[in-house]
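Reading through the structure tokens given below for one structure.
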Amino acid sequence: MFKAFLIKYAEIGVKGKNRHLFEDALVHQIKVALKRCDGKFYVHKTQGRIFVEAESEFDFDEVVETLKQVFGISGICPVVYAEDEGFEKLAKDVVDYIDKVYPDKHKTFKVNARRARKDYPKESMEINADLGEVILNAFPEMTVDVHEPDVMMNVEIREKIYLYSEIIPGPGGMPVGTGGKGMLLLSGGIDSPVAGYMIAKRGVKIDAVYFHAPPYTSERAKQKVVDLARIVAKYTGPIYLHVINFTDVQLHIYEKCPHEELTIIMKRYMMRLAEHIAKETECLGLITGESIGQVASQTMASMVVINEVCELPVYRPLIGFDKQEIVEMSEKIGTYETSIQPFEDCCTIFVAKHPVTKPNPKYIRRHEGNLGEKMDELVKTALETEELIIVE
């Protein structure tokens with residue numbers, strides 16, 4: 001029945017003179033996303049509206065699920081075309097629409113007409129009243145409710161006439177690519193994929209870095225991270241995943257530094273390496289899945305010490321979330337079941353029994369001095385042996 005979709009957006013509508021740039025970005029992201037679907041589609045914008053029109057057969061559910069993964073979309077409205085052959089034909093099309101979409105007619109309704117094309121012979125209020133009368137005559141069991149109707153019968157009169165009554169919620173946010181690019185520190189846990197999703201929802205293009213520690217972490221652990229990146233990429237578009245062999249760096253820290261400071265010093269080196277790659281790839285900041293107080297290295301004092309080694313800003317979109325909220329978000333976006341697979345990552349292998357929660361930056365810097373020039377060589381080797389995986 002449905003051959004097209006009206007795409008609604010929210011935040012883009014308040015962008016003033018730059019609005020067209022965000023609209024164009026959203027049109028582009030929709031076109032890219034629909035390439036994953038069977039069928040051919042024509043995506044275009046007109047007078048503050050974006051339409052997706054099917055030019056071939058397509059799977060309705062597949063297209064809706066794909067559009068629900070495009071940031072910037074606030075609502076997806078399946079529409080049908082009404083023939084522009086006068087009001088009597090429009091009235092017939094509206095009655096046919098209600099008859100097919102709502103088998104149970106014991107509902108309240110309201111007609112909401114928008115006449116963008118001013119040469120149409122009836123004004124919006126007149127269309128509302130006349131179509132309301134037609135619907136009541138066709139379906140006596142239906143009643144009018146102008147405040148909270150069960151069915152909002154929308155009629156948009158443009159170059160074509162569109163009918164729709166359902167608005168399927170989209171993910172909201174801003175089109176990916178309108179907010180710059182960031183480097184996500186992606187692990188195999190629950191938090192970092194959610195952080196990537198949330199920062200991408202604000203329009204940020206995502207690259208990612210994963211710290212691999214063979215033989216302490218397996219190839220299956222790396223594949224788990226690739227699988228997580230693939231799920232997130234449904235929302236963000238292709239992710240360039242930089243895999244860093246971190247084993248020798250970690251072992252050197254383990255050998256030369258106090259064990260209660262292992263996690264802090266390890267994370268400082270992770271940030272240094274991630275920032276190096278971020279600068280080379282023109283990212284504007286680092287992104288982590290940290291939440292205040294969740295573990296010892298995520299106290300405010302610890303994060304101050306970790307931030308000390310960074311020149312780029314560090315974005316922590318989960319900073320005020322509790323664990324249950326993060327878990328619920330991971331379930332919503334589809335990463336949870338993959339995240340809980342029992343494959344260790346490098347952060348959990350080398351964790352101290354009693355990690356420091358209020359690290360002293362002076363002591364941390366002094367103990368990093370124990371690592372000597374050998375650490376510079378290890379860092380250089382880690383960067384030179386980086387593996388790049390393009391995840392789509």
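Residue numbering restarts at 1 in every chain; chains get A, B, ... in the order shown in the structure tokens, and ligands count up from 1 in that same order.
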
Name all residues at most 10 Å from stretch 235-241 of chain A (count only C-alpha atoms; drop same-chain ones fewer than 3 positions away) and give them as JSON, numbers by chain.
-> {"A": [29, 32, 33, 66, 67, 68, 69, 70, 71, 171, 175, 176, 177, 183, 184, 185, 186, 196, 197, 199, 200, 201, 203, 204, 205, 206, 207, 208, 209, 210, 225, 226, 229, 230, 231, 232, 244, 281, 333, 386, 387, 388, 389, 390, 391, 392]}

As a count of residues only, please: all residues of stretch 65-314 of chain A that backbone DSSP puts in strand (DSSP E or B).
-> 56

The residue from A:Ile326, A:Leu6, A:Val249, A:Val146 with the smallest atom-to-atom distance to A:Thr381, counting only C-alpha atoms, is A:Val249

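Of the residues listed (A:Asp84, A:Asp24, A:Asp227, A:Glu141), A:Asp24 shows the shortest atom-to-atom separation from A:Gly48; distances use only C-alpha atoms.
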
Would you kindly return, as a ChimeraX atom specification, each protein, DNA or RNA residue with an atom no farther than 10 Å from any atom of stretch 355-372 of chain A, considering only C-alpha atoms and excluding same-chain residues fewer than 3 positions away?
-> /A:249,252-253,255-265,268-269,293,295-306,308,351-352,375-377

Between atom CA of A:Gly39 and atom CA of A:Phe51, distance in Å (one decimal) |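 Pair atom CA of A:Gly39 / atom CA of A:Phe51 returns 15.7 Å.
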
DSSP on the backbone: what in stretch 181-383 of chain A comes out alpha helix (DSSP H), as a PyMOL selection string?
-> chain A and resi 191-201+219-236+247-256+262-280+300-307+323-333+336-339+346-349+361-368+372-383

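Distance-wise, atom CA of A:Asp130 and atom CA of A:Lys100 end up 20.6 Å apart.
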
Counting only C-alpha atoms, the residue among A:Asp322, A:Glu280, A:Phe343, A:Glu65 that lies closest to A:Lys222 is A:Phe343

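Here atom CA of A:Glu83 stands at a distance of 21.4 Å from atom CA of A:Leu136.
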
Pick from A:Tyr164, A:Pro149, A:Thr178, A:Phe2: nearest to A:His20, with only C-alpha atoms counted?
->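 Of the candidates, the smallest distance to A:His20 is held by A:Thr178.
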
Given only C-alpha atoms as the counted atoms, nearest of A:His242, A:Glu337, A:Ile287, A:Lys45 to A:Glu384 | A:His242

Using only C-alpha atoms, which of A:Phe211, A:Glu57, A:Gly182, A:Leu318 sits nearest A:Glu282?
->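 For A:Glu282, the nearest of the candidates is A:Gly182.
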